[in-house]
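Asks: Take a look at data.pdb, PDB, C-alpha atoms:
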ATOM      1  CA  MET U   1       8.282  -6.792  18.913
ATOM      2  CA  SER U   2       9.880  -5.527  22.139
ATOM      3  CA  PRO U   3       8.066  -2.566  23.705
ATOM      4  CA  ARG U   4      10.915  -0.062  23.580
ATOM      5  CA  GLY U   5       8.896   2.975  22.567
ATOM      6  CA  TYR U   6       9.610   5.263  19.643
ATOM      7  CA  PRO U   7      12.837   5.120  17.611
ATOM      8  CA  ALA U   8      14.344   8.392  16.382
ATOM      9  CA  ARG U   9      17.167   9.103  13.961
ATOM     10  CA  GLN U  10      20.280  10.387  15.711
ATOM     11  CA  ALA U  11      20.605  14.080  14.894
ATOM     12  CA  GLU U  12      24.357  13.998  14.290
ATOM     13  CA  VAL U  13      24.181  11.342  11.556
ATOM     14  CA  ARG U  14      25.285  12.657   8.150
ATOM     15  CA  VAL U  15      23.678  11.261   4.969
ATOM     16  CA  GLU U  16      25.977  10.942   1.953
ATOM     17  CA  ARG U  17      24.887   9.750  -1.503
ATOM     18  CA  ASP U  18      27.470   7.782  -3.426
ATOM     19  CA  GLY U  19      25.990   6.892  -6.808
ATOM     20  CA  THR U  20      23.196   4.457  -6.049
ATOM     21  CA  ARG U  21      24.423   3.878  -2.487
ATOM     22  CA  THR U  22      23.468   5.878   0.565
ATOM     23  CA  VAL U  23      26.051   6.046   3.333
ATOM     24  CA  LEU U  24      25.152   7.120   6.860
ATOM     25  CA  VAL U  25      28.106   8.590   8.746
ATOM     26  CA  VAL U  26      27.923   8.756  12.539
ATOM     27  CA  GLY U  27      29.669  11.267  14.811
ATOM     28  CA  ASP U  28      32.912   9.304  15.185
ATOM     29  CA  GLY U  29      33.318   9.043  11.409
ATOM     30  CA  ARG U  30      32.143   5.462  10.936
ATOM     31  CA  GLY U  31      30.067   4.959   7.789
ATOM     32  CA  PHE U  32      27.233   2.500   7.221
ATOM     33  CA  VAL U  33      25.801   1.454   3.871
ATOM     34  CA  LEU U  34      22.177   0.419   4.317
ATOM     35  CA  ASN U  35      20.059  -1.709   2.060
ATOM     36  CA  GLU U  36      16.828  -0.252   0.657
ATOM     37  CA  THR U  37      14.591  -1.595   3.431
ATOM     38  CA  ALA U  38      16.863  -0.573   6.293
ATOM     39  CA  LEU U  39      17.232   2.918   4.832
ATOM     40  CA  ALA U  40      13.458   3.253   4.425
ATOM     41  CA  LEU U  41      12.939   2.145   8.039
ATOM     42  CA  TRP U  42      15.625   4.531   9.304
ATOM     43  CA  GLU U  43      13.873   7.385   7.487
ATOM     44  CA  LEU U  44      10.615   6.427   9.226
ATOM     45  CA  CYS U  45      12.241   6.832  12.636
ATOM     46  CA  ASP U  46      10.934  10.306  13.432
ATOM     47  CA  GLY U  47      10.392   9.781  17.156
ATOM     48  CA  GLY U  48       6.615   9.529  16.652
ATOM     49  CA  THR U  49       6.204   6.270  14.753
ATOM     50  CA  LEU U  50       5.963   2.963  16.577
ATOM     51  CA  PRO U  51       7.783  -0.146  15.324
ATOM     52  CA  GLU U  52       4.382  -1.872  15.223
ATOM     53  CA  GLU U  53       3.211   0.695  12.655
ATOM     54  CA  MET U  54       6.328  -0.035  10.591
ATOM     55  CA  VAL U  55       5.582  -3.770  10.760
ATOM     56  CA  ASP U  56       2.066  -3.241   9.384
ATOM     57  CA  ALA U  57       3.366  -1.069   6.551
ATOM     58  CA  VAL U  58       6.168  -3.514   5.627
ATOM     59  CA  ARG U  59       3.692  -6.396   5.673
ATOM     60  CA  ILE U  60       1.461  -4.637   3.129
ATOM     61  CA  ALA U  61       4.204  -3.083   0.982
ATOM     62  CA  CYS U  62       6.297  -6.235   0.705
ATOM     63  CA  GLY U  63       3.454  -8.764   0.687
ATOM     64  CA  VAL U  64       4.923 -10.812   3.531
ATOM     65  CA  ALA U  65       3.370 -12.477   6.581
ATOM     66  CA  ARG U  66       3.166 -10.512   9.808
ATOM     67  CA  ASP U  67       5.757 -12.710  11.550
ATOM     68  CA  ALA U  68       8.257 -12.175   8.754
ATOM     69  CA  ALA U  69       7.667  -8.425   8.712
ATOM     70  CA  GLU U  70       8.044  -8.278  12.483
ATOM     71  CA  LEU U  71      11.334 -10.155  12.350
ATOM     72  CA  ASP U  72      12.687  -7.926   9.558
ATOM     73  CA  VAL U  73      11.738  -4.675  11.286
ATOM     74  CA  SER U  74      12.959  -5.826  14.684
ATOM     75  CA  ARG U  75      16.295  -6.993  13.299
ATOM     76  CA  ALA U  76      16.807  -3.811  11.266
ATOM     77  CA  LEU U  77      16.004  -1.535  14.210
ATOM     78  CA  ASP U  78      18.325  -3.531  16.481
ATOM     79  CA  GLU U  79      21.178  -3.180  13.983
ATOM     80  CA  LEU U  80      20.526   0.531  13.448
ATOM     81  CA  THR U  81      20.516   1.057  17.221
ATOM     82  CA  GLU U  82      23.763  -0.882  17.691
ATOM     83  CA  ALA U  83      25.355   1.188  14.927
ATOM     84  CA  GLY U  84      24.479   4.370  16.796
ATOM     85  CA  LEU U  85      22.040   5.549  14.115
ATOM     86  CA  LEU U  86      18.949   5.512  16.362
ATOM     87  CA  SER U  87      17.897   6.483  19.843
ATOM     88  CA  TRP U  88      14.650   5.561  21.627
ATOM     89  CA  SER U  89      12.104   7.488  23.619
ATOM     90  CA  GLY U  90       9.062   6.280  25.511
ATOM     91  CA  ASP U  91       6.469   8.894  24.750
ATOM     92  CA  GLY U  92       6.601   9.561  21.008
ATOM     93  CA  GLY U  93       7.057  13.241  21.681
TER      94      GLY U  93
ATOM     95  CA  MET C  94      16.876 -19.972 -13.258
ATOM     96  CA  SER C  95      15.967 -17.208 -15.683
ATOM     97  CA  SER C  96      15.524 -19.653 -18.590
ATOM     98  CA  CYS C  97      12.558 -21.188 -16.748
ATOM     99  CA  VAL C  98      10.607 -17.950 -16.354
ATOM    100  CA  THR C  99       7.636 -17.559 -18.673
ATOM    101  CA  THR C 100       5.858 -14.234 -19.136
ATOM    102  CA  VAL C 101       2.861 -12.703 -20.821
ATOM    103  CA  VAL C 102       3.295  -9.058 -21.843
ATOM    104  CA  ALA C 103       0.150  -6.922 -21.838
ATOM    105  CA  HIS C 104       0.283  -3.387 -23.189
ATOM    106  CA  PRO C 105      -2.109  -1.440 -25.427
ATOM    107  CA  TRP C 106       0.784  -0.204 -27.583
ATOM    108  CA  HIS C 107       2.151  -2.681 -30.088
ATOM    109  CA  LEU C 108       5.484  -0.865 -29.990
ATOM    110  CA  ALA C 109       5.732  -1.270 -26.211
ATOM    111  CA  CYS C 110       4.807  -4.965 -26.406
ATOM    112  CA  GLU C 111       7.526  -5.615 -28.964
ATOM    113  CA  ALA C 112      10.144  -3.669 -27.004
ATOM    114  CA  LEU C 113       9.340  -5.439 -23.728
ATOM    115  CA  HIS C 114       9.281  -8.780 -25.506
ATOM    116  CA  ALA C 115      12.750  -8.144 -26.920
ATOM    117  CA  VAL C 116      14.163  -6.972 -23.601
ATOM    118  CA  LEU C 117      12.821  -9.969 -21.701
ATOM    119  CA  GLU C 118      14.129 -12.436 -24.249
ATOM    120  CA  THR C 119      17.639 -11.003 -23.976
ATOM    121  CA  ALA C 120      17.492 -12.072 -20.330
ATOM    122  CA  GLY C 121      16.554 -15.615 -21.270
ATOM    123  CA  THR C 122      12.945 -15.426 -20.168
ATOM    124  CA  GLU C 123      10.335 -16.884 -22.482
ATOM    125  CA  VAL C 124       7.582 -14.492 -23.592
ATOM    126  CA  VAL C 125       4.683 -16.786 -24.394
ATOM    127  CA  ALA C 126       2.241 -14.076 -25.545
ATOM    128  CA  ASP C 127       1.935 -10.347 -26.247
ATOM    129  CA  VAL C 128      -1.603  -9.015 -25.772
ATOM    130  CA  PRO C 129      -3.212  -5.561 -26.153
ATOM    131  CA  ASP C 130      -6.066  -5.607 -23.625
ATOM    132  CA  ALA C 131      -7.395  -7.063 -20.379
ATOM    133  CA  ARG C 132      -9.683  -9.587 -22.065
ATOM    134  CA  GLU C 133      -6.860 -11.115 -24.083
ATOM    135  CA  LEU C 134      -4.596 -11.023 -21.047
ATOM    136  CA  VAL C 135      -7.023 -13.195 -19.107
ATOM    137  CA  ALA C 136      -7.313 -15.564 -22.085
ATOM    138  CA  ALA C 137      -3.526 -15.795 -22.468
ATOM    139  CA  SER C 138      -3.087 -16.397 -18.741
ATOM    140  CA  LEU C 139      -5.608 -19.233 -18.852
ATOM    141  CA  ARG C 140      -3.923 -20.760 -21.861
ATOM    142  CA  PHE C 141      -0.246 -20.438 -20.878
ATOM    143  CA  SER C 142      -0.215 -20.181 -17.048
ATOM    144  CA  PRO C 143       2.820 -17.868 -17.143
ATOM    145  CA  ASP C 144       5.089 -17.297 -14.152
ATOM    146  CA  VAL C 145       4.735 -13.536 -14.525
ATOM    147  CA  VAL C 146       2.221 -11.272 -16.198
ATOM    148  CA  LEU C 147       3.803  -7.943 -17.132
ATOM    149  CA  VAL C 148       0.860  -5.580 -17.487
ATOM    150  CA  ASP C 149       0.448  -1.902 -18.282
ATOM    151  CA  GLN C 150      -1.394  -0.126 -15.486
ATOM    152  CA  THR C 151      -4.052   1.319 -17.789
ATOM    153  CA  LEU C 152      -5.277  -2.230 -18.479
ATOM    154  CA  LEU C 153      -5.860  -2.814 -14.776
ATOM    155  CA  ARG C 154      -8.355   0.022 -14.868
ATOM    156  CA  GLU C 155     -10.299  -1.771 -17.614
ATOM    157  CA  ALA C 156     -11.054  -4.778 -15.452
ATOM    158  CA  PRO C 157     -10.127  -6.257 -12.063
ATOM    159  CA  ILE C 158      -7.936  -8.968 -13.519
ATOM    160  CA  ALA C 159      -5.486  -9.652 -10.704
ATOM    161  CA  ASP C 160      -7.548 -12.362  -9.018
ATOM    162  CA  THR C 161      -8.207 -14.101 -12.334
ATOM    163  CA  VAL C 162      -4.552 -14.043 -13.303
ATOM    164  CA  ARG C 163      -3.482 -15.348  -9.900
ATOM    165  CA  ALA C 164      -6.165 -18.028  -9.773
ATOM    166  CA  VAL C 165      -4.980 -19.591 -13.014
ATOM    167  CA  HIS C 166      -1.712 -21.072 -11.924
ATOM    168  CA  GLY C 167      -0.343 -18.812  -9.248
ATOM    169  CA  SER C 168       0.865 -16.368 -11.885
ATOM    170  CA  ARG C 169       2.399 -13.241 -10.401
ATOM    171  CA  MET C 170       1.741  -9.743 -11.636
ATOM    172  CA  LEU C 171       4.248  -6.998 -12.380
ATOM    173  CA  VAL C 172       2.677  -3.635 -13.208
ATOM    174  CA  LEU C 173       4.167  -1.071 -15.576
ATOM    175  CA  GLY C 174       3.163   2.117 -13.792
ATOM    176  CA  SER C 175       1.377   4.965 -15.529
ATOM    177  CA  SER C 176       3.578   7.381 -13.603
ATOM    178  CA  ALA C 177       6.348   7.432 -11.025
ATOM    179  CA  GLY C 178       3.843   8.733  -8.484
ATOM    180  CA  GLN C 179       3.031   7.342  -5.101
ATOM    181  CA  ALA C 180      -0.684   7.059  -5.923
ATOM    182  CA  ASP C 181      -0.100   4.762  -8.907
ATOM    183  CA  LEU C 182       2.257   2.583  -6.855
ATOM    184  CA  LEU C 183      -0.363   2.236  -4.118
ATOM    185  CA  ASP C 184      -3.136   1.579  -6.650
ATOM    186  CA  ALA C 185      -1.096  -1.211  -8.187
ATOM    187  CA  LEU C 186      -0.282  -2.901  -4.883
ATOM    188  CA  GLU C 187      -3.859  -2.577  -3.655
ATOM    189  CA  GLY C 188      -4.972  -4.052  -6.969
ATOM    190  CA  GLY C 189      -2.970  -7.184  -6.256
ATOM    191  CA  ALA C 190       0.345  -6.441  -7.972
ATOM    192  CA  ASP C 191       3.485  -8.234  -6.821
ATOM    193  CA  GLY C 192       5.719  -5.583  -8.290
ATOM    194  CA  PHE C 193       5.666  -2.111  -9.794
ATOM    195  CA  LEU C 194       7.905  -0.520 -12.409
ATOM    196  CA  SER C 195       8.127   3.237 -12.695
ATOM    197  CA  PRO C 196       8.294   4.667 -16.239
ATOM    198  CA  LEU C 197      11.431   6.541 -15.126
ATOM    199  CA  GLN C 198      13.401   3.327 -14.586
ATOM    200  CA  PRO C 199      15.955   1.999 -17.072
ATOM    201  CA  VAL C 200      15.150  -0.949 -19.288
ATOM    202  CA  THR C 201      17.399  -3.214 -17.213
ATOM    203  CA  ALA C 202      14.938  -2.772 -14.350
ATOM    204  CA  VAL C 203      12.320  -4.674 -16.369
ATOM    205  CA  ILE C 204      14.531  -7.745 -16.333
ATOM    206  CA  GLU C 205      15.494  -7.439 -12.668
ATOM    207  CA  ALA C 206      11.887  -6.838 -11.602
ATOM    208  CA  THR C 207      10.539  -9.743 -13.674
ATOM    209  CA  LEU C 208      13.071 -12.192 -12.267
ATOM    210  CA  ARG C 209      12.544 -11.025  -8.691
ATOM    211  CA  VAL C 210       8.762 -11.196  -8.960
ATOM    212  CA  ALA C 211       9.035 -14.647 -10.552
ATOM    213  CA  ALA C 212      11.185 -15.721  -7.598
ATOM    214  CA  GLY C 213       8.396 -14.746  -5.210
ATOM    215  CA  GLU C 214       9.702 -11.357  -4.124
ATOM    216  CA  THR C 215       7.870  -8.037  -4.171
ATOM    217  CA  TYR C 216       9.535  -5.461  -6.419
ATOM    218  CA  ILE C 217       9.305  -1.765  -5.582
ATOM    219  CA  PRO C 218      11.479   0.765  -7.443
ATOM    220  CA  PRO C 219      14.557   2.006  -5.564
ATOM    221  CA  GLY C 220      13.781   5.151  -3.618
ATOM    222  CA  MET C 221      10.018   4.575  -3.478
ATOM    223  CA  LEU C 222       9.855   2.187  -0.522
ATOM    224  CA  GLY C 223      10.306   4.847   2.167
ATOM    225  CA  LEU C 224       7.530   7.043   0.775
ATOM    226  CA  LEU C 225       5.274   4.021   0.365
ATOM    227  CA  LEU C 226       5.774   2.935   3.986
ATOM    228  CA  ARG C 227       5.111   6.495   5.193
ATOM    229  CA  GLU C 228       1.903   6.661   3.136
ATOM    230  CA  LEU C 229       0.702   3.274   4.425
ATOM    231  CA  ILE C 230       1.324   4.336   8.030
ATOM    232  CA  GLN C 231      -0.574   7.592   7.508
ATOM    233  CA  ARG C 232      -3.509   5.745   5.919
ATOM    234  CA  ARG C 233      -3.639   3.338   8.831
ATOM    235  CA  ARG C 234      -3.630   6.231  11.309
ATOM    236  CA  ASP C 235      -6.440   7.990   9.417
ATOM    237  CA  ASP C 236      -8.388   4.745   9.315
ATOM    238  CA  ASP C 237      -7.945   4.126  13.048
ATOM    239  CA  ALA C 238      -9.016   7.688  13.836
ATOM    240  CA  VAL C 239     -12.224   7.377  11.802
ATOM    241  CA  LEU C 240     -13.050   4.012  13.364
ATOM    242  CA  ARG C 241     -12.507   5.450  16.850
ATOM    243  CA  ARG C 242     -14.895   8.321  16.056
ATOM    244  CA  TYR C 243     -17.493   5.947  14.618
ATOM    245  CA  SER C 244     -17.208   3.710  17.701
ATOM    246  CA  SER C 245     -18.173   6.673  19.874
ATOM    247  CA  LEU C 246     -21.628   6.916  18.229
ATOM    248  CA  SER C 247     -24.590   5.544  20.165
ATOM    249  CA  ARG C 248     -26.927   2.981  18.590
ATOM    250  CA  ARG C 249     -29.472   5.734  17.816
ATOM    251  CA  GLU C 250     -26.777   7.963  16.303
ATOM    252  CA  ARG C 251     -25.685   5.115  14.037
ATOM    253  CA  GLU C 252     -29.280   4.724  12.868
ATOM    254  CA  VAL C 253     -29.339   8.431  12.093
ATOM    255  CA  LEU C 254     -26.025   8.158  10.244
ATOM    256  CA  ARG C 255     -27.394   5.291   8.174
ATOM    257  CA  LEU C 256     -30.343   7.456   7.150
ATOM    258  CA  ILE C 257     -28.015  10.374   6.395
ATOM    259  CA  ALA C 258     -26.013   8.073   4.118
ATOM    260  CA  ASP C 259     -29.262   7.000   2.425
ATOM    261  CA  GLY C 260     -30.036  10.657   1.724
ATOM    262  CA  ALA C 261     -33.059  10.950   4.013
ATOM    263  CA  THR C 262     -34.294  14.415   5.005
ATOM    264  CA  ALA C 263     -34.751  15.392   8.650
ATOM    265  CA  GLN C 264     -38.502  15.009   8.272
ATOM    266  CA  GLN C 265     -38.163  11.544   6.768
ATOM    267  CA  MET C 266     -35.799  10.546   9.583
ATOM    268  CA  ALA C 267     -38.232  11.826  12.215
ATOM    269  CA  LYS C 268     -41.010   9.754  10.678
ATOM    270  CA  MET C 269     -38.935   6.599  10.325
ATOM    271  CA  LEU C 270     -37.435   6.777  13.808
ATOM    272  CA  TYR C 271     -40.658   7.958  15.527
ATOM    273  CA  LEU C 272     -38.874  11.033  16.837
ATOM    274  CA  SER C 273     -39.633  14.747  16.781
ATOM    275  CA  PRO C 274     -37.807  16.817  14.133
ATOM    276  CA  HIS C 275     -36.090  18.685  16.953
ATOM    277  CA  THR C 276     -34.708  15.449  18.418
ATOM    278  CA  VAL C 277     -33.551  14.324  14.969
ATOM    279  CA  ARG C 278     -31.716  17.611  14.474
ATOM    280  CA  THR C 279     -29.977  17.109  17.817
ATOM    281  CA  HIS C 280     -28.933  13.581  16.831
ATOM    282  CA  VAL C 281     -27.668  14.800  13.462
ATOM    283  CA  GLN C 282     -25.640  17.521  15.122
ATOM    284  CA  ASN C 283     -24.147  15.026  17.571
ATOM    285  CA  VAL C 284     -23.270  12.636  14.746
ATOM    286  CA  LEU C 285     -21.490  15.383  12.798
ATOM    287  CA  GLU C 286     -19.587  16.532  15.858
ATOM    288  CA  LYS C 287     -18.508  13.043  16.882
ATOM    289  CA  LEU C 288     -17.367  12.184  13.353
ATOM    290  CA  GLY C 289     -15.521  15.492  13.051
ATOM    291  CA  VAL C 290     -17.300  16.550   9.852
ATOM    292  CA  HIS C 291     -19.173  19.724   8.969
ATOM    293  CA  SER C 292     -22.085  18.528   6.854
ATOM    294  CA  ARG C 293     -24.302  15.554   6.171
ATOM    295  CA  VAL C 294     -22.647  15.175   2.756
ATOM    296  CA  GLU C 295     -19.242  14.866   4.434
ATOM    297  CA  ALA C 296     -20.668  12.308   6.862
ATOM    298  CA  ALA C 297     -22.101  10.248   3.981
ATOM    299  CA  SER C 298     -18.749  10.425   2.153
ATOM    300  CA  LEU C 299     -16.952   9.172   5.253
ATOM    301  CA  VAL C 300     -19.306   6.194   5.479
ATOM    302  CA  LEU C 301     -18.577   5.288   1.862
ATOM    303  CA  GLU C 302     -14.830   5.919   1.942
ATOM    304  CA  TYR C 303     -14.226   3.849   5.071
ATOM    305  CA  ASP C 304     -16.986   1.302   4.444
ATOM    306  CA  LEU C 305     -18.178   1.868   7.988
ATOM    307  CA  PHE C 306     -21.458  -0.041   7.936
ATOM    308  CA  THR C 307     -19.929  -3.223   6.555
ATOM    309  CA  ARG C 308     -17.018  -3.137   8.965
ATOM    310  CA  PHE C 309     -19.291  -2.557  11.970
ATOM    311  CA  GLU C 310     -22.184  -4.754  10.846
ATOM    312  CA  ASP C 311     -22.107  -6.975  13.946
ATOM    313  CA  ASP C 312     -21.195  -4.254  16.402
ATOM    314  CA  PRO C 313     -24.333  -3.145  18.290
ATOM    315  CA  ALA C 314     -22.592  -0.063  19.778
TER     316      ALA C 314
END
Using structure tokens, write down the structure that the file contains.

Replies:
Amino acid sequence: MSPRGYPARQAEVRVERDGTRTVLVVGDGRGFVLNETALALWELCDGGTLPEEMVDAVRIACGVARDAAELDVSRALDELTEAGLLSWSGDGG
Amino acid sequence: MSSCVTTVVAHPWHLACEALHAVLETAGTEVVADVPDARELVAASLRFSPDVVLVDQTLLREAPIADTVRAVHGSRMLVLGSSAGQADLLDALEGGADGFLSPLQPVTAVIEATLRVAAGETYIPPGMLGLLLRELIQRRRDDDAVLRRYSSLSRREREVLRLIADGATAQQMAKMLYLSPHTVRTHVQNVLEKLGVHSRVEAASLVLEYDLFTRFEDDPA
């Protein structure tokens, strides 16, 4: 897990429910449909929760090995960041 | 793949057993036994070695059956929750469940959950994963905070805490530790302050809840 600090949801992201799907719409109008795990991780990104804490929780909740949980969380956070859905801060404040 | 999946259904209500049996068989899974209690569930698991045990959560409170079920033949356990609440979901997972069904889910979820659990996945109802992860993170933080506070106790303070947990009075502690009652009172006060609790009862509860003595057995402080 790269030491990037604390991920936080971008404030300008709009959440739209479409039946069973949840679509996140960023400022420029692009929409992203997330799977259940990615959406749960995005919701955890409150600027005060470390990715390492997410890894521990995913490991327990999903009954997977630490390496697998770390890969899943890391990949999901990378994709959310690239999509403009997350920003990062160093101090958790 | 679904035709290969074998299940045992365990529910105290005959009606529920029959309904679940019927639902699972429409999906091509083979229900090898319907049982009404934990004892018969263990017996059926031993006899049939099912891929999945579909068990009502109330039966898990009768007996700790998860390890037995798993030990048989690697059977996996899907729990029919008593409620759609976070606490029941956590109880089930901590009790060894591989999946959890909320009573608010449609009947089709029983099939999906059974097949996913049989395939080695963990099944958590849609919409509950985020809350579960948040709860697990909070528990871990609480746990870390208590362990940090316990680590700050000196060796003597840990001895005092052990006696507090045993229910000893200040006089008894003084006698056992060869200290004056005044010194014991000072140690007790320090223990309470360092643990962030307001009474000896709270301190004893903390020891029990977080299993402090077992977890720090080899740590001399």

Asks: If you take only C-alpha atoms and a cut-off of 10 Å, which residues of chain C touch chain U, and what are their nearest atom pairs and distances in Å to one decimal, in chain and number order, as CSV?

Replies:
residue,atom,partner,partner_atom,distance
C:Leu182,CA,U:Ala61,CA,9.9
C:Leu183,CA,U:Ala61,CA,8.7
C:Leu186,CA,U:Ala61,CA,7.4
C:Glu187,CA,U:Ile60,CA,8.9
C:Gly189,CA,U:Gly63,CA,9.6
C:Ala190,CA,U:Gly63,CA,9.5
C:Asp191,CA,U:Gly63,CA,7.5
C:Gly192,CA,U:Cys62,CA,9.0
C:Gly213,CA,U:Gly63,CA,9.7
C:Glu214,CA,U:Cys62,CA,7.8
C:Thr215,CA,U:Cys62,CA,5.4
C:Tyr216,CA,U:Cys62,CA,7.9
C:Ile217,CA,U:Cys62,CA,8.3
C:Pro218,CA,U:Glu36,CA,9.8
C:Pro219,CA,U:Glu36,CA,7.0
C:Gly220,CA,U:Glu36,CA,7.5
C:Met221,CA,U:Ala40,CA,8.7
C:Leu222,CA,U:Ala40,CA,6.2
C:Gly223,CA,U:Ala40,CA,4.2
C:Leu224,CA,U:Ala40,CA,7.9
C:Leu225,CA,U:Ala61,CA,7.2
C:Leu226,CA,U:Ala57,CA,5.3
C:Arg227,CA,U:Leu44,CA,6.8
C:Glu228,CA,U:Ala57,CA,8.6
C:Leu229,CA,U:Ala57,CA,5.5
C:Ile230,CA,U:Ala57,CA,6.0
C:Gln231,CA,U:Glu53,CA,9.4
C:Arg232,CA,U:Ala57,CA,9.7
C:Arg233,CA,U:Glu53,CA,8.3
C:Arg234,CA,U:Glu53,CA,8.9

Asks: With a distance cut-off of 12 Å and all atoms listed in the file, select the neighbouring residues of Glu295 of chain C, excluding the residue or stretch itself and same-chain residues fewer than 6 positions from it, and output the selection as number ranges by chain.

Replies: C: 254, 257-258, 260, 284-286, 288-289, 301-302

Asks: For this file, the PyMOL selection byres ((chain U and resi 26) around 9) selects which residues, as a PDB file with C-alpha atoms, in the frame of the given file?

Replies:
ATOM      1  CA  GLN U  10      20.280  10.387  15.711  1.00  0.00           C
ATOM      2  CA  GLU U  12      24.357  13.998  14.290  1.00  0.00           C
ATOM      3  CA  VAL U  13      24.181  11.342  11.556  1.00  0.00           C
ATOM      4  CA  ARG U  14      25.285  12.657   8.150  1.00  0.00           C
ATOM      5  CA  LEU U  24      25.152   7.120   6.860  1.00  0.00           C
ATOM      6  CA  VAL U  25      28.106   8.590   8.746  1.00  0.00           C
ATOM      7  CA  GLY U  27      29.669  11.267  14.811  1.00  0.00           C
ATOM      8  CA  ASP U  28      32.912   9.304  15.185  1.00  0.00           C
ATOM      9  CA  GLY U  29      33.318   9.043  11.409  1.00  0.00           C
ATOM     10  CA  ARG U  30      32.143   5.462  10.936  1.00  0.00           C
ATOM     11  CA  GLY U  31      30.067   4.959   7.789  1.00  0.00           C
ATOM     12  CA  PHE U  32      27.233   2.500   7.221  1.00  0.00           C
ATOM     13  CA  ALA U  83      25.355   1.188  14.927  1.00  0.00           C
ATOM     14  CA  GLY U  84      24.479   4.370  16.796  1.00  0.00           C
ATOM     15  CA  LEU U  85      22.040   5.549  14.115  1.00  0.00           C
TER      16      LEU U  85
END

Asks: Measuring between only C-alpha atoms, which one of U:Ala11, U:Val73, U:Ala68, U:Val23 shows the shortest distance to Pro51 of chain U?

Replies: U:Val73

Asks: Report, in Å to a single decimal, how far apart atom CA of Val200 of chain C and atom CA of Gly19 of chain U are.

Replies: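 Rounded to one decimal, the two atoms are 18.3 Å apart.
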
Asks: As a check of understanding, name the residues that the PyMOL selection byres ((chain U and resi 5) around 6) selects in the supplied structure, as a list of chain:residue names.

Replies: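 With the PyMOL selection byres ((chain U and resi 5) around 6) on this model, the match is U:Pro3, U:Arg4, U:Tyr6, U:Ser89, U:Gly90.
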
Asks: Would you mind listing what lies within 10 Å of Ser176 of chain C as a list in words, with all atoms listed in the file counted and same-chain residues fewer than 2 positions away left out?

Replies: Gln150, Leu173, Gly174, Gly178, Gln179, Ala180, Asp181, Leu182, Leu194, Ser195, Pro196 and Leu197 of chain C

Asks: Could you work out how far atom CA of Phe309 of chain C lies from atom CA of Arg248 of chain C, giving the answer in Å with one decimal?

Replies: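 Atom-to-atom, atom CA of Arg248 of chain C and atom CA of Phe309 of chain C are spaced 11.5 Å apart.
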
Asks: Where's the centre, and what are the edge lengths in Å to one decimal, of a box along x, y and z enclosing all listed atoms of segment 113-116 of chain C padded 6 Å per side, as AutoDock Vina command-line options?

Replies:
--center_x 11.7 --center_y -7.1 --center_z -25.3 --size_x 16.9 --size_y 15.3 --size_z 15.3

Asks: Grab the atom CA of Ser245 of chain C to atom CA of Asp304 of chain C distance for me, in Å with one decimal place.

Replies: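 For atom CA of Ser245 of chain C relative to atom CA of Asp304 of chain C, the distance reads 16.4 Å.
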
Asks: List, as a VMD selection string, every residue that the PyMOL selection byres ((chain U and resi 8) around 7) selects in the file provided.

Replies: chain U and resid 6 to 7 9 to 10 45 to 47 86 to 88

Asks: Could you list, as a list in words, every residue within 9 Å of Val98 of chain C, counting only C-alpha atoms and ignoring same-chain residues fewer than 6 positions away?

Replies: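 My list of contacting residues is Gly121, Thr122, Glu123, Val124, Pro143, Asp144, Val145, Thr207, Leu208 and Ala211 of chain C.
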
Asks: Out of C:Leu171, C:Thr100, C:Ala156, C:Phe193, which residue has the shortest atom-to-atom distance to Ala120 of chain C when counting all atoms listed in the file?

Replies: C:Thr100

Asks: Go through C:Trp106, C:Tyr271, C:Arg251, C:Val277 and flag the residue nearest Ala296 of chain C, using all atoms listed in the file for the distances.

Replies: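 Comparing C:Trp106, C:Tyr271, C:Arg251, C:Val277 against Ala296 of chain C, the winner is C:Arg251.
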
Asks: Under the rule that only C-alpha atoms are counted, which of C:Arg278, C:Arg209, C:Arg308, C:Arg293 is the nearest residue to Ala263 of chain C?

Replies: C:Arg278

Asks: Quick one: everything within 12 Å of Met266 of chain C, counting all atoms listed in the file, minus sequence neighbours fewer than 2 positions away in the same chain. Send it as a VMD selection string.

Replies: chain C and resid 249 to 250 252 to 264 268 to 278 280 to 281
